[in-house]
file data05.cif (mmCIF, C-alpha atoms)
data_input
#
loop_
_atom_site.label_atom_id
_atom_site.label_comp_id
_atom_site.auth_asym_id
_atom_site.auth_seq_id
_atom_site.Cartn_x
_atom_site.Cartn_y
_atom_site.Cartn_z
CA MET A 1 152.00 38.77 150.39
CA ASP A 2 155.27 36.76 150.41
CA ASP A 3 156.65 34.65 147.55
CA ALA A 4 155.52 31.41 149.19
CA SER A 5 151.89 32.42 148.70
CA ASN A 6 152.32 33.25 145.01
CA SER A 7 151.15 30.87 142.31
CA ARG A 8 153.48 29.61 139.60
CA LEU A 9 152.70 29.92 135.89
CA GLU A 10 153.80 27.32 133.35
CA LEU A 11 153.15 27.79 129.62
CA ARG A 12 153.50 24.48 127.80
CA ILE A 13 153.52 24.18 123.99
CA GLU A 14 152.46 20.73 122.82
CA ASP A 15 151.63 18.92 119.61
CA ALA A 16 147.94 18.74 118.77
CA SER A 17 146.03 16.97 116.02
CA GLU A 18 146.71 17.43 112.28
CA GLY A 19 150.15 18.95 112.83
CA ARG A 20 148.84 21.82 114.92
CA ARG A 21 150.51 23.18 118.06
CA GLN A 22 148.59 24.09 121.19
CA LEU A 23 149.31 26.13 124.30
CA ARG A 24 148.39 24.80 127.73
CA LEU A 25 148.24 27.22 130.67
CA LEU A 26 149.13 25.59 133.98
CA VAL A 27 148.90 27.33 137.34
CA ASP A 28 150.46 25.36 140.19
CA GLY A 29 150.20 22.33 137.92
CA ARG A 30 146.47 22.83 137.21
CA ASP A 31 145.40 23.16 133.59
CA LEU A 32 143.14 26.21 133.51
CA LEU A 33 141.62 25.30 130.16
CA ASP A 34 140.44 21.96 131.55
CA ALA A 35 138.99 23.77 134.57
CA GLY A 36 137.27 26.64 132.77
CA PHE A 37 136.86 25.63 129.18
CA ALA A 38 137.11 21.93 128.40
CA LEU A 39 138.08 21.83 124.72
CA PRO A 40 140.21 19.03 123.29
CA ILE A 41 142.76 21.43 121.74
CA GLY A 42 144.24 24.52 123.36
CA PRO A 43 144.80 27.88 121.64
CA ASP A 44 147.44 28.47 118.98
CA PRO A 45 150.58 29.60 120.89
CA ARG A 46 150.95 32.49 118.45
CA SER A 47 147.67 33.98 119.68
CA LEU A 48 148.97 34.52 123.22
CA LEU A 49 152.78 34.62 122.98
CA GLY A 50 155.26 36.98 121.39
CA PRO A 51 156.42 40.60 121.75
CA TYR A 52 152.88 41.98 122.06
CA SER A 53 151.38 39.14 124.08
CA PRO A 54 147.97 40.06 125.54
CA LEU A 55 149.15 38.30 128.72
CA LEU A 56 151.58 41.16 129.37
CA PRO A 57 150.08 43.45 132.03
CA GLY A 58 149.46 47.02 130.95
CA PRO A 59 149.15 50.26 132.92
CA GLU A 60 145.46 49.46 133.51
CA PRO A 61 143.71 46.11 134.13
CA GLY A 62 142.69 44.52 130.85
CA GLU A 63 140.48 41.61 129.91
CA VAL A 64 142.12 38.84 127.87
CA ARG A 65 140.38 36.10 125.91
CA LEU A 66 142.48 33.00 126.51
CA HIS A 67 140.60 30.67 124.19
CA VAL A 68 137.46 30.54 122.04
CA ALA A 69 135.46 27.69 120.55
CA ALA A 70 136.11 27.03 116.86
CA CYS A 71 132.40 27.57 116.21
CA THR A 72 132.54 31.01 117.95
CA GLU A 73 131.81 31.83 121.56
CA TYR A 74 128.11 32.39 120.91
CA CYS A 75 127.83 28.68 120.22
CA CYS A 76 130.20 26.98 122.68
CA GLY A 77 131.80 29.72 124.72
CA ALA A 78 135.15 31.36 125.41
CA LEU A 79 137.37 31.78 128.45
CA TYR A 80 138.20 35.30 129.64
CA MET A 81 140.19 36.70 132.54
CA THR A 82 141.49 40.10 133.62
CA VAL A 83 145.25 40.63 133.94
CA ARG A 84 146.68 43.39 136.13
CA GLN A 85 149.95 44.34 137.81
CA GLU A 86 149.98 44.84 141.56
CA SER A 87 152.94 45.54 143.88
CA GLY A 88 155.54 43.37 142.17
CA ALA A 89 153.01 40.75 141.15
CA VAL A 90 150.75 39.94 138.21
CA VAL A 91 147.16 38.94 139.05
CA TRP A 92 144.64 36.95 137.00
CA ASP A 93 141.04 37.27 138.14
CA GLY A 94 137.60 38.24 136.81
CA TRP A 95 137.11 34.86 135.16
CA ARG A 96 134.14 34.38 132.86
CA ASN A 97 132.86 32.03 130.16
CA PRO A 98 129.61 33.11 128.43
CA ASP A 99 128.72 29.42 127.99
CA LEU A 100 129.46 28.40 131.60
CA LYS A 101 127.43 30.47 134.03
CA ASP A 102 128.69 28.70 137.16
CA LEU A 103 132.40 29.09 136.35
CA ASP A 104 134.27 29.37 139.65
CA LEU A 105 138.01 30.00 139.30
CA PRO A 106 139.92 31.89 142.01
CA ALA A 107 142.22 34.86 141.60
CA TYR A 108 145.82 33.86 140.90
CA ARG A 109 148.76 36.01 141.96
CA PHE A 110 152.15 35.46 140.32
CA ASP A 111 155.57 36.85 141.19
CA ALA A 112 156.13 39.35 138.37
CA ALA A 113 159.72 38.23 137.70
CA GLN A 114 158.75 34.54 137.36
CA TYR A 115 155.68 35.43 135.30
CA LEU A 116 157.53 37.62 132.78
CA ALA A 117 160.42 35.17 132.52
CA GLU A 118 157.97 32.37 131.70
CA LEU A 119 156.28 34.48 129.01
CA ASP A 120 159.69 35.22 127.51
CA ARG A 121 160.81 31.57 127.68
CA ALA A 122 157.64 30.17 126.13
CA GLY A 123 157.57 32.82 123.42
CA THR A 124 161.13 32.16 122.23
CA GLY A 125 161.01 30.70 118.74
CA VAL A 126 157.27 31.18 118.27
CA GLU A 127 156.81 32.15 114.64
CA ASP A 128 155.81 35.76 114.11
CA TRP A 129 155.24 38.22 111.23
CA PRO A 130 154.20 41.91 111.05
CA ALA A 131 150.43 41.39 110.96
CA ARG A 132 150.55 38.88 113.83
CA GLY A 133 151.87 41.38 116.38
CA VAL A 134 149.56 44.15 115.20
CA GLY A 135 146.64 41.71 115.14
CA ARG A 136 147.27 40.76 118.77
CA LEU A 137 147.18 44.43 119.73
CA VAL A 138 143.97 45.03 117.75
CA GLN A 139 142.33 42.04 119.44
CA ALA A 140 143.45 43.19 122.88
CA GLN A 141 141.94 46.65 122.34
CA LEU A 142 138.60 45.30 121.10
CA VAL A 143 138.37 42.75 123.93
CA ARG A 144 139.23 45.35 126.55
CA ARG A 145 136.94 48.04 125.06
CA PRO A 146 133.81 46.25 123.79
CA GLU A 147 131.92 49.55 123.79
CA LEU A 148 133.76 50.60 120.60
CA LEU A 149 131.91 48.02 118.50
CA ALA A 150 128.82 47.99 120.72
CA ALA A 151 128.15 51.57 119.60
CA TRP A 152 127.29 50.02 116.22
CA GLU A 153 125.40 47.05 117.74
CA CYS A 154 128.39 44.86 116.93
CA GLU A 155 130.45 42.39 118.98
CA PHE A 156 134.04 41.34 118.35
CA ASP A 157 134.62 37.74 117.25
CA ALA A 158 138.20 36.99 116.17
CA VAL A 159 141.39 38.12 114.44
CA TRP A 160 143.13 35.88 111.90
CA THR A 161 146.60 36.25 110.36
CA TRP A 162 148.76 33.90 108.28
CA PRO A 163 152.46 33.77 107.39
CA SER A 164 151.44 33.68 103.72
CA GLY A 165 149.87 37.14 104.15
CA PRO A 166 152.35 38.91 106.45
CA ASP A 167 150.66 42.32 106.10
CA ARG A 168 147.02 41.18 106.22
CA ILE A 169 144.59 40.90 109.14
CA ASP A 170 141.17 39.31 108.75
CA LEU A 171 138.85 40.46 111.52
CA THR A 172 135.37 39.07 112.16
CA PHE A 173 132.54 40.47 114.25
CA PHE A 174 128.82 39.93 114.78
CA TRP A 175 126.09 42.44 114.04
CA ARG A 176 123.15 41.76 116.30
CA PRO A 177 120.74 44.73 116.17
CA ALA A 178 117.82 44.94 118.54
CA VAL A 179 114.58 43.61 117.04
CA PRO A 180 111.39 44.78 118.81
CA ASP A 181 108.78 42.26 119.99
CA ARG A 182 111.04 39.27 119.37
CA LEU A 183 110.90 36.54 122.02
CA ASP A 184 113.34 33.95 120.63
CA ASP A 185 117.04 34.32 119.77
CA SER A 186 117.77 37.59 118.01
CA PRO A 187 118.86 37.38 114.35
CA TYR A 188 122.48 38.19 113.62
CA LEU A 189 124.99 38.37 110.79
CA GLN A 190 128.72 37.77 110.91
CA PHE A 191 130.99 40.15 108.99
CA GLN A 192 134.62 39.92 107.90
CA VAL A 193 136.86 42.95 107.37
CA GLU A 194 140.27 42.74 105.70
CA LEU A 195 142.82 45.14 107.19
CA THR A 196 146.18 45.95 105.57
CA VAL A 197 149.13 46.54 107.89
CA PRO A 198 151.66 49.07 106.54
CA ALA A 199 155.18 49.51 107.90
CA GLY A 200 155.38 51.37 111.19
CA ASP A 201 155.20 51.10 114.96
CA PRO A 202 152.86 48.18 115.86
CA VAL A 203 151.22 50.01 118.76
CA GLU A 204 150.41 53.06 116.64
CA LEU A 205 149.26 50.90 113.72
CA ALA A 206 146.89 48.90 115.92
CA ALA A 207 145.39 52.04 117.43
CA ASP A 208 144.86 53.49 113.93
CA LEU A 209 143.21 50.30 112.63
CA VAL A 210 140.85 50.12 115.61
CA ASP A 211 139.94 53.79 115.16
CA ARG A 212 139.23 53.30 111.45
CA LEU A 213 137.12 50.24 112.13
CA THR A 214 135.00 51.77 114.88
CA SER A 215 134.71 55.43 113.86
CA ALA A 216 132.29 54.53 111.05
CA ASP A 217 129.78 51.71 110.58
CA PRO A 218 131.89 48.50 110.64
CA CYS A 219 129.27 46.61 108.61
CA ALA A 220 129.79 48.98 105.70
CA GLN A 221 133.52 48.16 105.74
CA GLY A 222 133.20 44.38 105.50
CA ARG A 223 131.29 41.55 103.90
CA VAL A 224 128.83 39.06 105.34
CA CYS A 225 130.51 35.73 106.13
CA GLY A 226 128.02 34.09 108.50
CA GLY A 227 124.47 34.00 109.81
CA SER A 228 121.73 32.85 107.47
CA PRO A 229 119.66 34.09 104.50
CA ALA A 230 116.62 34.14 106.78
CA TYR A 231 118.40 36.35 109.30
CA ALA A 232 119.60 38.64 106.51
CA GLU A 233 116.01 39.01 105.28
CA GLN A 234 114.74 39.80 108.79
CA LEU A 235 117.42 42.44 109.21
CA GLY A 236 116.88 43.97 105.76
CA HIS A 237 120.43 43.17 104.64
CA PRO A 238 121.36 41.47 101.32
CA TRP A 239 122.72 37.93 101.56
CA PRO A 240 125.85 37.33 99.41
CA GLU A 241 125.13 35.42 96.22
CA ASP A 242 128.35 33.41 96.55
CA MET A 243 127.43 31.92 99.94
#
call {"tool": "encode", "arguments": {"input": "data05.cif", "output": "structure tokens"}}
result
Amino acid sequence: MDDASNSRLELRIEDASEGRRQLRLLVDGRDLLDAGFALPIGPDPRSLLGPYSPLLPGPEPGEVRLHVAACTEYCCGALYMTVRQESGAVVWDGWRNPDLKDLDLPAYRFDAAQYLAELDRAGTGVEDWPARGVGRLVQAQLVRRPELLAAWECEFDAVWTWPSGPDRIDLTFFWRPAVPDRLDDSPYLQFQVELTVPAGDPVELAADLVDRLTSADPCAQGRVCGGSPAYAEQLGHPWPEDM
């Protein structure tokens, strides 16, 4: 495929409401978030840009969550795609949104040099701190390998980091165990786990944190932060007194 048939990626950082910044992802001038996930505000640029950007293609194809609803994807959806490298190009395909069953976005093929240069340009000056880079890597692993949490009947939700806590990652996930003979929506609980990031290589640290989280019951490592008292009762789990 020649260069004329490649798409062109533009990553645009804009002001959003309440002093926030948002990232818009344009392919050949088309805003993908408007096409596949119509939310008024785009993702925080720090979630997708930087040295360990999940948009960087790896040795194997990997799924990337571009954006998620503030109320979690189980309520209003999320936009996913798969990024892969192919013969001097980077390809985005495998689009899905759990809340939009008829999502129909094509595969996009970018010249690798233009693509990587745009990632580098857009990421220049984006604020970063130790836990942010490691957090991006942890999120990428859990998105690309959902079976790690699924072994415990859990599903990844989000990773949160703040400049005020440069060595802290807050990770949330849902526990949704199978309940026999239940016809309506299954009960669930949301858990939060606090992870401390020591000094070291970010790639190795992320792999170690994911292993620690998924090698034993994740629910036993965190605290309930969502769901409902009724769901907790159905699942035989105590509901926090401070919620």
call {"tool": "resolve_selection", "arguments": {"input": "data05.cif", "expression": "the PyMOL selection byres ((chain A and resi 217) around 10)", "output": "ChimeraX atom specification"}}
result
/A:149,151-154,212-216,218-222
call {"tool": "atom_distance", "arguments": {"input": "data05.cif", "atom1": "CA of Val210 in chain A", "atom2": "CA of Arg84 in chain A"}}
result
22.4 Å
call {"tool": "atom_distance", "arguments": {"input": "data05.cif", "atom1": "CA of Pro187 in chain A", "atom2": "CA of Pro146 in chain A"}}
result
19.8 Å
call {"tool": "resolve_selection", "arguments": {"input": "data05.cif", "expression": "the PyMOL selection byres ((chain A and resi 50-59) around 9)", "output": "PyMOL selection string"}}
result
chain A and resi 45-49+60-66+83-85+90-91+116+119-120+122-128+133-134+136-137+139-140+202-203
call {"tool": "closest_residue", "arguments": {"input": "data05.cif", "among": "A:Arg12, A:Arg145, A:Arg30, A:His237", "to": "Leu105 in chain A", "atoms": "all atoms listed in the file"}}
result
A:Arg30
call {"tool": "closest_residue", "arguments": {"input": "data05.cif", "among": "A:Ile169, A:Ala112, A:Met81, A:Ala117", "to": "Pro98 in chain A", "atoms": "all atoms listed in the file"}}
result
A:Met81
call {"tool": "decode", "arguments": {"input": "data05.cif", "residues": "range 170-219 of chain A", "atoms": "N, CA and C atoms", "output": "CSV table (one decimal), in the first residue's frame"}}
result
chain,number,residue,atom,x,y,z
A,170,ASP,N,-4.2,4.4,42.1
A,170,ASP,CA,-5.5,3.8,42.5
A,170,ASP,C,-6.1,3.1,41.3
A,171,LEU,N,-6.4,1.8,41.5
A,171,LEU,CA,-6.9,1.0,40.5
A,171,LEU,C,-8.3,0.5,40.9
A,172,THR,N,-9.3,0.5,40.0
A,172,THR,CA,-10.6,0.1,40.3
A,172,THR,C,-11.0,-1.1,39.4
A,173,PHE,N,-11.8,-2.0,39.9
A,173,PHE,CA,-12.3,-3.1,39.1
A,173,PHE,C,-13.6,-3.5,39.6
A,174,PHE,N,-14.4,-4.3,38.8
A,174,PHE,CA,-15.7,-4.8,39.2
A,174,PHE,C,-15.6,-6.3,39.5
A,175,TRP,N,-16.3,-6.7,40.5
A,175,TRP,CA,-16.4,-8.1,40.9
A,175,TRP,C,-17.9,-8.5,40.6
A,176,ARG,N,-18.1,-9.4,39.6
A,176,ARG,CA,-19.4,-9.7,39.1
A,176,ARG,C,-19.5,-11.3,39.1
A,177,PRO,N,-19.6,-11.9,40.2
A,177,PRO,CA,-19.7,-13.4,40.2
A,177,PRO,C,-21.0,-13.9,39.7
A,178,ALA,N,-20.9,-15.1,39.1
A,178,ALA,CA,-22.1,-15.7,38.5
A,178,ALA,C,-23.1,-16.0,39.7
A,179,VAL,N,-24.3,-15.7,39.5
A,179,VAL,CA,-25.4,-16.0,40.4
A,179,VAL,C,-26.4,-16.9,39.7
A,180,PRO,N,-26.6,-18.2,40.2
A,180,PRO,CA,-27.5,-19.1,39.5
A,180,PRO,C,-28.9,-18.6,39.6
A,181,ASP,N,-29.7,-19.0,38.5
A,181,ASP,CA,-31.1,-18.8,38.5
A,181,ASP,C,-31.5,-17.3,38.6
A,182,ARG,N,-30.7,-16.4,38.1
A,182,ARG,CA,-31.0,-15.0,38.2
A,182,ARG,C,-31.2,-14.5,36.8
A,183,LEU,N,-32.4,-13.9,36.6
A,183,LEU,CA,-32.8,-13.5,35.2
A,183,LEU,C,-32.5,-12.0,34.9
A,184,ASP,N,-32.5,-11.2,35.9
A,184,ASP,CA,-32.2,-9.8,35.7
A,184,ASP,C,-30.7,-9.5,35.8
A,185,ASP,N,-30.3,-8.2,35.8
A,185,ASP,CA,-28.9,-7.9,35.8
A,185,ASP,C,-28.2,-8.5,37.0
A,186,SER,N,-27.0,-9.0,36.8
A,186,SER,CA,-26.3,-9.7,37.9
A,186,SER,C,-25.8,-8.6,38.9
A,187,PRO,N,-25.8,-8.9,40.2
A,187,PRO,CA,-25.3,-8.0,41.2
A,187,PRO,C,-23.8,-7.9,41.0
A,188,TYR,N,-23.2,-6.8,41.4
A,188,TYR,CA,-21.8,-6.6,41.3
A,188,TYR,C,-21.3,-5.6,42.4
A,189,LEU,N,-20.0,-5.6,42.7
A,189,LEU,CA,-19.4,-4.7,43.6
A,189,LEU,C,-18.2,-4.1,42.9
A,190,GLN,N,-17.9,-2.8,43.2
A,190,GLN,CA,-16.7,-2.2,42.6
A,190,GLN,C,-15.7,-2.1,43.8
A,191,PHE,N,-14.4,-2.4,43.4
A,191,PHE,CA,-13.4,-2.4,44.4
A,191,PHE,C,-12.3,-1.4,44.0
A,192,GLN,N,-11.6,-0.9,45.0
A,192,GLN,CA,-10.4,0.0,44.7
A,192,GLN,C,-9.2,-0.6,45.4
A,193,VAL,N,-8.1,-0.6,44.7
A,193,VAL,CA,-6.8,-1.1,45.3
A,193,VAL,C,-5.8,0.0,45.1
A,194,GLU,N,-5.1,0.3,46.2
A,194,GLU,CA,-4.0,1.3,46.2
A,194,GLU,C,-2.7,0.6,46.0
A,195,LEU,N,-2.0,1.0,44.9
A,195,LEU,CA,-0.7,0.4,44.6
A,195,LEU,C,0.4,1.4,44.8
A,196,THR,N,1.5,1.1,45.5
A,196,THR,CA,2.6,1.9,45.6
A,196,THR,C,3.7,1.6,44.6
A,197,VAL,N,4.2,2.7,44.0
A,197,VAL,CA,5.2,2.5,42.9
A,197,VAL,C,6.6,2.8,43.5
A,198,PRO,N,7.5,1.9,43.7
A,198,PRO,CA,8.8,2.2,44.1
A,198,PRO,C,9.7,2.6,42.9
A,199,ALA,N,10.9,3.0,43.2
A,199,ALA,CA,11.8,3.4,42.2
A,199,ALA,C,12.2,2.1,41.4
A,200,GLY,N,12.5,2.3,40.1
A,200,GLY,CA,12.8,1.2,39.3
A,200,GLY,C,12.4,1.4,37.8
A,201,ASP,N,12.6,0.3,37.0
A,201,ASP,CA,12.3,0.4,35.6
A,201,ASP,C,10.7,0.3,35.5
A,202,PRO,N,10.1,1.2,34.8
A,202,PRO,CA,8.6,1.3,34.7
A,202,PRO,C,8.0,0.0,34.2
A,203,VAL,N,8.6,-0.6,33.1
A,203,VAL,CA,8.1,-1.8,32.5
A,203,VAL,C,8.1,-3.0,33.5
A,204,GLU,N,9.2,-3.1,34.2
A,204,GLU,CA,9.3,-4.2,35.2
A,204,GLU,C,8.4,-3.9,36.4
A,205,LEU,N,8.3,-2.7,36.8
A,205,LEU,CA,7.4,-2.4,37.9
A,205,LEU,C,5.9,-2.7,37.6
A,206,ALA,N,5.5,-2.3,36.4
A,206,ALA,CA,4.1,-2.6,36.0
A,206,ALA,C,3.8,-4.1,35.9
A,207,ALA,N,4.8,-4.8,35.4
A,207,ALA,CA,4.6,-6.3,35.3
A,207,ALA,C,4.5,-6.9,36.7
A,208,ASP,N,5.3,-6.4,37.6
A,208,ASP,CA,5.2,-6.9,39.0
A,208,ASP,C,3.9,-6.5,39.7
A,209,LEU,N,3.4,-5.3,39.5
A,209,LEU,CA,2.2,-4.9,40.1
A,209,LEU,C,1.0,-5.7,39.5
A,210,VAL,N,1.0,-5.9,38.2
A,210,VAL,CA,-0.1,-6.7,37.7
A,210,VAL,C,-0.1,-8.2,38.2
A,211,ASP,N,1.2,-8.7,38.3
A,211,ASP,CA,1.3,-10.1,38.9
A,211,ASP,C,0.8,-10.2,40.3
A,212,ARG,N,1.1,-9.2,41.1
A,212,ARG,CA,0.7,-9.2,42.5
A,212,ARG,C,-0.8,-9.0,42.6
A,213,LEU,N,-1.4,-8.2,41.7
A,213,LEU,CA,-2.8,-8.0,41.8
A,213,LEU,C,-3.6,-9.2,41.4
A,214,THR,N,-3.1,-10.0,40.4
A,214,THR,CA,-3.9,-11.0,39.8
A,214,THR,C,-3.5,-12.4,40.2
A,215,SER,N,-2.4,-12.6,41.0
A,215,SER,CA,-2.0,-13.9,41.4
A,215,SER,C,-2.7,-14.4,42.6
A,216,ALA,N,-3.4,-13.5,43.3
A,216,ALA,CA,-4.3,-13.8,44.5
A,216,ALA,C,-5.6,-13.0,44.3
A,217,ASP,N,-6.6,-13.4,45.1
A,217,ASP,CA,-7.9,-12.8,45.0
A,217,ASP,C,-7.8,-11.2,45.0
A,218,PRO,N,-8.1,-10.5,43.9
A,218,PRO,CA,-8.0,-9.1,44.0
A,218,PRO,C,-8.9,-8.4,45.0
A,219,CYS,N,-10.1,-9.0,45.2
A,219,CYS,CA,-11.1,-8.5,46.1
A,219,CYS,C,-10.5,-8.4,47.6
